[in-house]
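Shown next: work-v2.pdb, containing PDB, C-alpha atoms and all ligand atoms.
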ATOM      1  CA  MET Q 188    -118.368 -63.763 -19.877
ATOM      2  CA  GLY Q 189    -116.241 -60.940 -20.998
ATOM      3  CA  GLY Q 190    -119.045 -58.466 -20.523
ATOM      4  CA  ASP Q 191    -117.570 -57.389 -17.280
ATOM      5  CA  ILE Q 192    -115.963 -53.991 -17.287
ATOM      6  CA  PRO Q 193    -112.297 -54.786 -17.033
ATOM      7  CA  ASP Q 194    -110.587 -53.608 -14.001
ATOM      8  CA  THR Q 195    -108.690 -50.605 -15.328
ATOM      9  CA  GLY Q 196    -107.172 -49.887 -12.009
ATOM     10  CA  ARG Q 197    -108.970 -46.529 -11.957
ATOM     11  CA  GLU Q 198    -108.910 -46.294  -8.236
ATOM     12  CA  LYS Q 199    -105.148 -46.515  -8.403
ATOM     13  CA  LEU Q 200    -104.781 -43.410 -10.577
ATOM     14  CA  PRO Q 201    -103.065 -40.527  -8.823
ATOM     15  CA  PRO Q 202    -105.522 -37.981  -7.439
ATOM     16  CA  PRO Q 203    -106.294 -35.236  -9.910
ATOM     17  CA  ARG Q 204    -103.966 -32.331  -9.647
ATOM     18  CA  PRO Q 205    -105.360 -29.217  -8.014
ATOM     19  CA  PRO Q 206    -106.429 -26.679 -10.610
ATOM     20  CA  PRO Q 207    -103.577 -24.380 -11.588
ATOM     21  CA  THR Q 208    -103.618 -21.352  -9.371
ATOM     22  CA  HIS Q 209    -101.990 -17.941  -9.819
ATOM     23  CA  PRO Q 210     -98.293 -18.542 -10.307
ATOM     24  CA  ASN Q 211     -96.901 -18.787  -6.822
ATOM     25  CA  PRO Q 212     -98.852 -16.017  -5.064
ATOM     26  CA  ARG Q 213     -96.060 -15.673  -2.496
ATOM     27  CA  SER Q 214     -93.791 -14.065  -5.064
ATOM     28  CA  LEU Q 215     -96.110 -11.063  -5.478
ATOM     29  CA  PRO Q 216     -95.528  -9.368  -2.121
ATOM     30  CA  ALA Q 217     -91.820  -9.945  -2.610
ATOM     31  CA  MET Q 218     -91.907  -8.029  -5.859
ATOM     32  CA  HIS Q 219     -93.668  -5.136  -4.165
ATOM     33  CA  THR Q 220     -91.040  -4.967  -1.469
ATOM     34  CA  ARG Q 221     -88.303  -4.754  -4.052
ATOM     35  CA  THR Q 222     -89.906  -1.875  -5.961
ATOM     36  CA  LYS Q 223     -90.417   0.015  -2.680
ATOM     37  CA  LEU Q 224     -86.746  -0.376  -1.763
ATOM     38  CA  LEU Q 225     -85.496   1.317  -4.926
ATOM     39  CA  PRO Q 226     -86.598   4.878  -4.042
ATOM     40  CA  LEU Q 227     -85.293   4.322  -0.524
ATOM     41  CA  ALA Q 228     -81.912   3.265  -1.876
ATOM     42  CA  LEU Q 229     -81.840   6.333  -4.132
ATOM     43  CA  ALA Q 230     -82.728   8.599  -1.213
ATOM     44  CA  LEU Q 231     -79.913   7.168   0.899
ATOM     45  CA  PHE Q 232     -77.519   7.584  -2.012
ATOM     46  CA  GLY Q 233     -78.605  11.219  -2.307
ATOM     47  CA  LEU Q 234     -77.996  11.827   1.384
ATOM     48  CA  GLY Q 235     -74.504  10.429   0.984
ATOM     49  CA  LEU Q 236     -73.744  12.975  -1.721
ATOM     50  CA  VAL Q 237     -75.063  15.844   0.393
ATOM     51  CA  ALA Q 238     -72.918  14.743   3.318
ATOM     52  CA  GLN Q 239     -69.774  14.873   1.174
ATOM     53  CA  ALA Q 240     -70.050  18.478   0.034
ATOM     54  CA  ALA Q 241     -72.004  20.659   2.414
ATOM     55  CA  PRO Q 242     -74.047  23.410   0.820
ATOM     56  CA  SER Q 243     -72.522  26.891   1.190
ATOM     57  CA  VAL Q 244     -75.216  28.061   3.620
ATOM     58  CA  GLU Q 245     -74.208  25.228   5.959
ATOM     59  CA  ASN Q 246     -70.498  25.922   5.581
ATOM     60  CA  TRP Q 247     -71.080  29.604   6.278
ATOM     61  CA  GLU Q 248     -73.051  28.763   9.444
ATOM     62  CA  ASN Q 249     -70.503  26.195  10.633
ATOM     63  CA  HIS Q 250     -67.230  27.927   9.779
ATOM     64  CA  CYS Q 251     -67.756  31.627   9.194
ATOM     65  CA  ALA Q 252     -70.862  32.983  10.935
ATOM     66  CA  LYS Q 253     -69.343  33.087  14.423
ATOM     67  CA  CYS Q 254     -67.050  35.902  13.263
ATOM     68  CA  HIS Q 255     -68.637  37.318  10.093
ATOM     69  CA  GLY Q 256     -72.217  36.877  11.325
ATOM     70  CA  ALA Q 257     -75.051  34.864   9.761
ATOM     71  CA  ASP Q 258     -75.971  38.099   7.949
ATOM     72  CA  GLY Q 259     -72.401  38.822   6.793
ATOM     73  CA  LYS Q 260     -72.229  42.127   8.661
ATOM     74  CA  GLY Q 261     -69.433  41.030  10.980
ATOM     75  CA  ALA Q 262     -71.455  42.475  13.857
ATOM     76  CA  THR Q 263     -70.822  39.527  16.173
ATOM     77  CA  LYS Q 264     -68.950  39.874  19.449
ATOM     78  CA  VAL Q 265     -65.766  38.473  17.872
ATOM     79  CA  GLY Q 266     -66.443  40.310  14.642
ATOM     80  CA  LYS Q 267     -66.550  43.681  16.363
ATOM     81  CA  LYS Q 268     -63.354  42.945  18.237
ATOM     82  CA  LEU Q 269     -61.648  41.957  14.982
ATOM     83  CA  LYS Q 270     -63.137  44.995  13.216
ATOM     84  CA  LEU Q 271     -64.579  42.842  10.458
ATOM     85  CA  ARG Q 272     -65.907  44.456   7.342
ATOM     86  CA  ASP Q 273     -69.619  44.606   6.609
ATOM     87  CA  TYR Q 274     -70.289  42.452   3.526
ATOM     88  CA  THR Q 275     -73.703  44.047   3.058
ATOM     89  CA  ASP Q 276     -71.884  47.334   2.329
ATOM     90  CA  ALA Q 277     -71.554  47.906  -1.427
ATOM     91  CA  ALA Q 278     -68.295  49.858  -0.947
ATOM     92  CA  VAL Q 279     -66.759  46.936   0.976
ATOM     93  CA  GLN Q 280     -67.852  44.499  -1.721
ATOM     94  CA  ALA Q 281     -66.404  46.749  -4.436
ATOM     95  CA  LYS Q 282     -62.991  46.728  -2.747
ATOM     96  CA  MET Q 283     -62.718  42.928  -2.632
ATOM     97  CA  THR Q 284     -61.836  41.022  -5.788
ATOM     98  CA  ASP Q 285     -62.988  37.429  -6.280
ATOM     99  CA  GLU Q 286     -59.338  36.343  -6.143
ATOM    100  CA  GLU Q 287     -58.813  38.046  -2.788
ATOM    101  CA  ILE Q 288     -61.895  36.380  -1.332
ATOM    102  CA  ILE Q 289     -60.822  32.939  -2.576
ATOM    103  CA  LYS Q 290     -57.304  33.509  -1.267
ATOM    104  CA  ALA Q 291     -58.525  34.674   2.161
ATOM    105  CA  ILE Q 292     -60.684  31.560   2.604
ATOM    106  CA  THR Q 293     -58.116  29.161   1.153
ATOM    107  CA  ASP Q 294     -54.910  30.451   2.777
ATOM    108  CA  GLY Q 295     -56.259  32.514   5.654
ATOM    109  CA  VAL Q 296     -55.563  36.149   6.474
ATOM    110  CA  PHE Q 297     -52.299  37.129   8.139
ATOM    111  CA  GLU Q 298     -50.909  40.359   9.504
ATOM    112  CA  GLY Q 299     -47.217  39.657   9.394
ATOM    113  CA  GLU Q 300     -46.839  36.472  11.439
ATOM    114  CA  LYS Q 301     -50.138  36.935  13.195
ATOM    115  CA  GLU Q 302     -53.050  34.849  11.951
ATOM    116  CA  LYS Q 303     -56.208  36.969  11.759
ATOM    117  CA  MET Q 304     -58.276  34.295  10.051
ATOM    118  CA  LYS Q 305     -57.272  30.696   9.613
ATOM    119  CA  ALA Q 306     -56.862  28.894   6.287
ATOM    120  CA  TYR Q 307     -59.705  26.600   5.261
ATOM    121  CA  LYS Q 308     -57.951  24.606   2.538
ATOM    122  CA  GLU Q 309     -57.688  21.564   4.799
ATOM    123  CA  GLU Q 310     -61.374  21.559   5.722
ATOM    124  CA  LEU Q 311     -63.104  22.730   2.559
ATOM    125  CA  THR Q 312     -62.758  21.624  -1.041
ATOM    126  CA  ALA Q 313     -61.954  24.114  -3.803
ATOM    127  CA  ALA Q 314     -65.564  23.744  -4.967
ATOM    128  CA  GLU Q 315     -66.889  24.568  -1.503
ATOM    129  CA  ILE Q 316     -64.626  27.619  -1.304
ATOM    130  CA  ALA Q 317     -65.865  28.781  -4.725
ATOM    131  CA  GLU Q 318     -69.430  28.437  -3.444
ATOM    132  CA  LEU Q 319     -68.530  30.470  -0.358
ATOM    133  CA  LEU Q 320     -67.239  33.221  -2.635
ATOM    134  CA  ALA Q 321     -70.692  33.276  -4.264
ATOM    135  CA  TYR Q 322     -72.225  33.263  -0.781
ATOM    136  CA  VAL Q 323     -70.143  36.275   0.312
ATOM    137  CA  ARG Q 324     -71.201  38.083  -2.880
ATOM    138  CA  LYS Q 325     -74.868  37.414  -2.094
ATOM    139  CA  PHE Q 326     -74.613  39.774   0.891
ATOM    140  CA  ARG Q 327     -74.021  42.605  -1.587
ATOM    141  CA  PRO Q 328     -77.070  44.881  -1.579
TER     142      PRO Q 328
HETATM  143  C1  LIG J 401     -62.021  33.730  13.841
HETATM  144  C2  LIG J 401     -62.935  34.596  13.146
HETATM  145  C3  LIG J 401     -63.134  34.335  11.661
HETATM  146  C4  LIG J 401     -63.693  33.245  11.058
HETATM  147  C5  LIG J 401     -64.229  32.007  11.740
HETATM  148  C6  LIG J 401     -63.688  33.511   9.644
HETATM  149  N1  LIG J 401     -63.129  34.724   9.391
HETATM  150 FE1  LIG J 401     -62.966  35.601   7.585
HETATM  151  N2  LIG J 401     -61.859  37.062   8.380
HETATM  152  C7  LIG J 401     -61.590  37.214   9.728
HETATM  153  C8  LIG J 401     -60.647  38.294   9.902
HETATM  154  C9  LIG J 401     -60.089  38.774  11.217
HETATM  155  C10 LIG J 401     -60.376  38.778   8.612
HETATM  156  C11 LIG J 401     -59.419  39.901   8.249
HETATM  157  C12 LIG J 401     -60.118  41.193   8.290
HETATM  158  C13 LIG J 401     -59.125  42.282   7.976
HETATM  159  O1  LIG J 401     -58.835  42.453   6.793
HETATM  160  O2  LIG J 401     -58.657  42.879   8.894
HETATM  161  C14 LIG J 401     -61.151  37.993   7.701
HETATM  162  C15 LIG J 401     -61.156  38.183   6.328
HETATM  163  C16 LIG J 401     -61.965  37.522   5.461
HETATM  164  C17 LIG J 401     -62.084  37.804   4.045
HETATM  165  C18 LIG J 401     -61.263  38.831   3.259
HETATM  166  C19 LIG J 401     -62.004  40.093   3.051
HETATM  167  C20 LIG J 401     -62.028  40.900   4.309
HETATM  168  O3  LIG J 401     -63.129  41.131   4.836
HETATM  169  O4  LIG J 401     -60.955  41.275   4.792
HETATM  170  C21 LIG J 401     -63.016  36.956   3.556
HETATM  171  C22 LIG J 401     -63.523  36.886   2.127
HETATM  172  C23 LIG J 401     -63.463  36.126   4.647
HETATM  173  N3  LIG J 401     -62.805  36.505   5.784
HETATM  174  C24 LIG J 401     -64.375  35.109   4.525
HETATM  175  C25 LIG J 401     -64.553  34.141   5.486
HETATM  176  C26 LIG J 401     -65.231  32.890   5.254
HETATM  177  C27 LIG J 401     -65.907  32.483   3.971
HETATM  178  C28 LIG J 401     -65.143  32.186   6.409
HETATM  179  C29 LIG J 401     -65.624  30.775   6.658
HETATM  180  C30 LIG J 401     -65.102  29.739   5.795
HETATM  181  C31 LIG J 401     -64.435  32.997   7.379
HETATM  182  N4  LIG J 401     -64.075  34.170   6.772
HETATM  183  C32 LIG J 401     -64.190  32.648   8.682
HETATM  184  C33 LIG J 401     -62.119  36.463  10.744
HETATM  185  C34 LIG J 401     -62.756  35.255  10.579
END
So, in terms of structure tokens, how does the structure I just supplied come out?
Amino acid sequence: MGGDIPDTGREKLPPPRPPPTHPNPRSLPAMHTRTKLLPLALALFGLGLVAQAAPSVENWENHCAKCHGADGKGATKVGKKLKLRDYTDAAVQAKMTDEEIIKAITDGVFEGEKEKMKAYKEELTAAEIAELLAYVRKFRP
């Protein structure tokens, strides 16, 4: 007969593939996470830099204010005992040269053998000391 539709084995064909979807949707949230981490990483990097060199206001508070006062007047309990100079006094500021200020902070202040103020060269970098000079000058009226 030959009129029969030949068995093409249709039913044996592999099932049709599912229609192509969005390329792997799971990768999208991952991409978002990565872009969110970048600013965070930059922020942490920034904090690291701040931790290395403290701003002068912080150094003044931590190292100097207990004697010279947060306001630079030297009117603290220790400051009065040590007869510290008032950095908000224009005459006091006029008497100090930049070099003297840098030297006092770097090498300390001595009266003969007696240490009146300790040296900060071990604790502060030259850059931090230069910033403290600017900080001392800011008390000038
Ligand atoms: C223990 C108290 C004490 C601390 C802390 C201290 N100083 Fe002094 N400082 C003194 C004394 C005392 C003198 C000497 C004052 C004098 O000439 O009789 C002095 C002197 C100075 C001078 C020289 C000018 C002047 O007034 O005689 C500068 C500038 C100065 N200090 C800045 C600083 C800075 C900046 C810090 C912090 C990094 C600091 N001091 C921490 C006690 C202190």
For the file shown, report as a PyMOL selection string the outcome of the PyMOL selection byres (((chain Q and resi 240-250) around 10) and not hetatm) at residue level. chain Q and resi 235-239+251-259+307+310-312+314-323
So which one's closest to ligand LIG 401 (chain J), Q:Lys260, Q:Lys199, Q:Asp294, Q:Met283? Using all atoms listed in the file, please.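 Of Q:Lys260, Q:Lys199, Q:Asp294, Q:Met283, the one nearest ligand LIG 401 (chain J) is Q:Met283, counting all atoms listed in the file.
For the atom pair formed by atom CA of Q:Phe297 and atom CA of Q:Thr275, the distance is 23.1 Å, given to one decimal.
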Would you work out the distance separating atom CA of Q:Val296 from atom CA of Q:Lys268, expressed in Å to one decimal? 15.7 Å
Kindly indicate which residue among Q:Leu271, Q:Phe326, Q:Asp285, Q:Pro203 lies nearest to ligand LIG 401 (chain J), using all atoms listed in the file for the distances. Q:Leu271
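Between atom CA of Q:Asp273 and atom CA of Q:Ala313 lies a distance of 24.2 Å.
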Name all residues at most 7 Å from Q:Thr293 (count only C-alpha atoms; drop same-chain ones fewer than 3 positions away) and give them as a list in words.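 The neighbour list is Ile289, Lys290, Ala306, Tyr307 and Lys308 of chain Q.
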Kindly indicate which residue among Q:Lys282, Q:Lys303, Q:Lys267, Q:Lys325 lies nearest to ligand LIG 401 (chain J), using all atoms listed in the file for the distances.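 Answer, going by the shortest atom-to-atom distance: Q:Lys303.
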Hey, which of Q:Arg204, Q:Ile288, Q:Val279, Q:Pro226 ends up closest to ligand LIG 401 (chain J)? Count all atoms listed in the file.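 Looking only at the distances to ligand LIG 401 (chain J), the closest residue turns out to be Q:Ile288.
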Enclose all atoms of stretch 316-325 of chain Q listed in the file in an axis-aligned box, grow every side by 6 Å, and hand back centre and edge lengths in Å to one decimal, as JSON.
{"center_x": -69.7, "center_y": 32.9, "center_z": -2.2, "size_x": 22.2, "size_y": 22.5, "size_z": 17.0}
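When all atoms listed in the file are used to measure the gap to ligand LIG 401 (chain J), the shortest distance among Q:Ala262, Q:Ala277, Q:Leu200, Q:Leu269 belongs to Q:Leu269.
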Got a minute to add N, CA and C atoms to stretch 295-326 of chain Q and dump it as a PDB file, keeping the file's coordinate frame?
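What follows is the written file part21.pdb:
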ATOM      1  N   GLY Q 295     -56.135  31.759   4.419  1.00  0.00           N
ATOM      2  CA  GLY Q 295     -56.259  32.514   5.654  1.00  0.00           C
ATOM      3  C   GLY Q 295     -55.805  33.949   5.465  1.00  0.00           C
ATOM      4  N   VAL Q 296     -55.973  34.741   6.532  1.00  0.00           N
ATOM      5  CA  VAL Q 296     -55.563  36.149   6.474  1.00  0.00           C
ATOM      6  C   VAL Q 296     -54.531  36.371   7.575  1.00  0.00           C
ATOM      7  N   PHE Q 297     -53.386  36.900   7.189  1.00  0.00           N
ATOM      8  CA  PHE Q 297     -52.299  37.129   8.139  1.00  0.00           C
ATOM      9  C   PHE Q 297     -51.906  38.589   8.172  1.00  0.00           C
ATOM     10  N   GLU Q 298     -51.488  39.028   9.354  1.00  0.00           N
ATOM     11  CA  GLU Q 298     -50.909  40.359   9.504  1.00  0.00           C
ATOM     12  C   GLU Q 298     -49.503  40.100   9.998  1.00  0.00           C
ATOM     13  N   GLY Q 299     -48.565  40.104   9.056  1.00  0.00           N
ATOM     14  CA  GLY Q 299     -47.217  39.657   9.394  1.00  0.00           C
ATOM     15  C   GLY Q 299     -47.284  38.182   9.759  1.00  0.00           C
ATOM     16  N   GLU Q 300     -46.819  37.853  10.965  1.00  0.00           N
ATOM     17  CA  GLU Q 300     -46.839  36.472  11.439  1.00  0.00           C
ATOM     18  C   GLU Q 300     -48.196  36.104  12.048  1.00  0.00           C
ATOM     19  N   LYS Q 301     -48.916  37.149  12.434  1.00  0.00           N
ATOM     20  CA  LYS Q 301     -50.138  36.935  13.195  1.00  0.00           C
ATOM     21  C   LYS Q 301     -51.307  36.481  12.313  1.00  0.00           C
ATOM     22  N   GLU Q 302     -51.913  35.369  12.705  1.00  0.00           N
ATOM     23  CA  GLU Q 302     -53.050  34.849  11.951  1.00  0.00           C
ATOM     24  C   GLU Q 302     -54.322  35.567  12.376  1.00  0.00           C
ATOM     25  N   LYS Q 303     -54.947  36.279  11.444  1.00  0.00           N
ATOM     26  CA  LYS Q 303     -56.208  36.969  11.759  1.00  0.00           C
ATOM     27  C   LYS Q 303     -57.388  36.055  11.467  1.00  0.00           C
ATOM     28  N   MET Q 304     -57.247  35.287  10.400  1.00  0.00           N
ATOM     29  CA  MET Q 304     -58.276  34.295  10.051  1.00  0.00           C
ATOM     30  C   MET Q 304     -57.550  33.058   9.557  1.00  0.00           C
ATOM     31  N   LYS Q 305     -57.995  31.908   9.997  1.00  0.00           N
ATOM     32  CA  LYS Q 305     -57.272  30.696   9.613  1.00  0.00           C
ATOM     33  C   LYS Q 305     -57.564  30.274   8.173  1.00  0.00           C
ATOM     34  N   ALA Q 306     -56.688  29.437   7.636  1.00  0.00           N
ATOM     35  CA  ALA Q 306     -56.862  28.894   6.287  1.00  0.00           C
ATOM     36  C   ALA Q 306     -57.873  27.749   6.333  1.00  0.00           C
ATOM     37  N   TYR Q 307     -58.696  27.659   5.290  1.00  0.00           N
ATOM     38  CA  TYR Q 307     -59.705  26.600   5.261  1.00  0.00           C
ATOM     39  C   TYR Q 307     -59.425  25.527   4.217  1.00  0.00           C
ATOM     40  N   LYS Q 308     -58.219  25.570   3.617  1.00  0.00           N
ATOM     41  CA  LYS Q 308     -57.951  24.606   2.538  1.00  0.00           C
ATOM     42  C   LYS Q 308     -57.930  23.157   3.008  1.00  0.00           C
ATOM     43  N   GLU Q 309     -57.690  22.937   4.294  1.00  0.00           N
ATOM     44  CA  GLU Q 309     -57.688  21.564   4.799  1.00  0.00           C
ATOM     45  C   GLU Q 309     -59.112  21.045   5.017  1.00  0.00           C
ATOM     46  N   GLU Q 310     -60.015  21.962   5.352  1.00  0.00           N
ATOM     47  CA  GLU Q 310     -61.374  21.559   5.722  1.00  0.00           C
ATOM     48  C   GLU Q 310     -62.369  21.614   4.580  1.00  0.00           C
ATOM     49  N   LEU Q 311     -62.138  22.535   3.638  1.00  0.00           N
ATOM     50  CA  LEU Q 311     -63.104  22.730   2.559  1.00  0.00           C
ATOM     51  C   LEU Q 311     -62.461  22.431   1.218  1.00  0.00           C
ATOM     52  N   THR Q 312     -63.268  21.897   0.301  1.00  0.00           N
ATOM     53  CA  THR Q 312     -62.758  21.624  -1.041  1.00  0.00           C
ATOM     54  C   THR Q 312     -62.740  22.937  -1.829  1.00  0.00           C
ATOM     55  N   ALA Q 313     -62.013  22.920  -2.947  1.00  0.00           N
ATOM     56  CA  ALA Q 313     -61.954  24.114  -3.803  1.00  0.00           C
ATOM     57  C   ALA Q 313     -63.363  24.493  -4.260  1.00  0.00           C
ATOM     58  N   ALA Q 314     -64.184  23.485  -4.525  1.00  0.00           N
ATOM     59  CA  ALA Q 314     -65.564  23.744  -4.967  1.00  0.00           C
ATOM     60  C   ALA Q 314     -66.365  24.416  -3.862  1.00  0.00           C
ATOM     61  N   GLU Q 315     -66.166  23.963  -2.627  1.00  0.00           N
ATOM     62  CA  GLU Q 315     -66.889  24.568  -1.503  1.00  0.00           C
ATOM     63  C   GLU Q 315     -66.438  26.018  -1.287  1.00  0.00           C
ATOM     64  N   ILE Q 316     -65.153  26.264  -1.471  1.00  0.00           N
ATOM     65  CA  ILE Q 316     -64.626  27.619  -1.304  1.00  0.00           C
ATOM     66  C   ILE Q 316     -65.187  28.527  -2.400  1.00  0.00           C
ATOM     67  N   ALA Q 317     -65.290  27.993  -3.624  1.00  0.00           N
ATOM     68  CA  ALA Q 317     -65.865  28.781  -4.725  1.00  0.00           C
ATOM     69  C   ALA Q 317     -67.329  29.119  -4.417  1.00  0.00           C
ATOM     70  N   GLU Q 318     -68.032  28.176  -3.803  1.00  0.00           N
ATOM     71  CA  GLU Q 318     -69.430  28.437  -3.444  1.00  0.00           C
ATOM     72  C   GLU Q 318     -69.527  29.475  -2.327  1.00  0.00           C
ATOM     73  N   LEU Q 319     -68.532  29.465  -1.426  1.00  0.00           N
ATOM     74  CA  LEU Q 319     -68.530  30.470  -0.358  1.00  0.00           C
ATOM     75  C   LEU Q 319     -68.266  31.867  -0.917  1.00  0.00           C
ATOM     76  N   LEU Q 320     -67.454  31.933  -1.960  1.00  0.00           N
ATOM     77  CA  LEU Q 320     -67.239  33.221  -2.635  1.00  0.00           C
ATOM     78  C   LEU Q 320     -68.592  33.754  -3.114  1.00  0.00           C
ATOM     79  N   ALA Q 321     -69.361  32.879  -3.782  1.00  0.00           N
ATOM     80  CA  ALA Q 321     -70.692  33.276  -4.264  1.00  0.00           C
ATOM     81  C   ALA Q 321     -71.581  33.680  -3.087  1.00  0.00           C
ATOM     82  N   TYR Q 322     -71.416  32.969  -1.972  1.00  0.00           N
ATOM     83  CA  TYR Q 322     -72.225  33.263  -0.781  1.00  0.00           C
ATOM     84  C   TYR Q 322     -71.887  34.645  -0.223  1.00  0.00           C
ATOM     85  N   VAL Q 323     -70.585  34.957  -0.168  1.00  0.00           N
ATOM     86  CA  VAL Q 323     -70.143  36.275   0.312  1.00  0.00           C
ATOM     87  C   VAL Q 323     -70.715  37.362  -0.603  1.00  0.00           C
ATOM     88  N   ARG Q 324     -70.697  37.105  -1.912  1.00  0.00           N
ATOM     89  CA  ARG Q 324     -71.201  38.083  -2.880  1.00  0.00           C
ATOM     90  C   ARG Q 324     -72.709  38.294  -2.748  1.00  0.00           C
ATOM     91  N   LYS Q 325     -73.407  37.294  -2.236  1.00  0.00           N
ATOM     92  CA  LYS Q 325     -74.868  37.414  -2.094  1.00  0.00           C
ATOM     93  C   LYS Q 325     -75.261  38.430  -1.031  1.00  0.00           C
ATOM     94  N   PHE Q 326     -74.308  38.772  -0.145  1.00  0.00           N
ATOM     95  CA  PHE Q 326     -74.613  39.774   0.891  1.00  0.00           C
ATOM     96  C   PHE Q 326     -74.647  41.177   0.274  1.00  0.00           C
TER      97      PHE Q 326
END
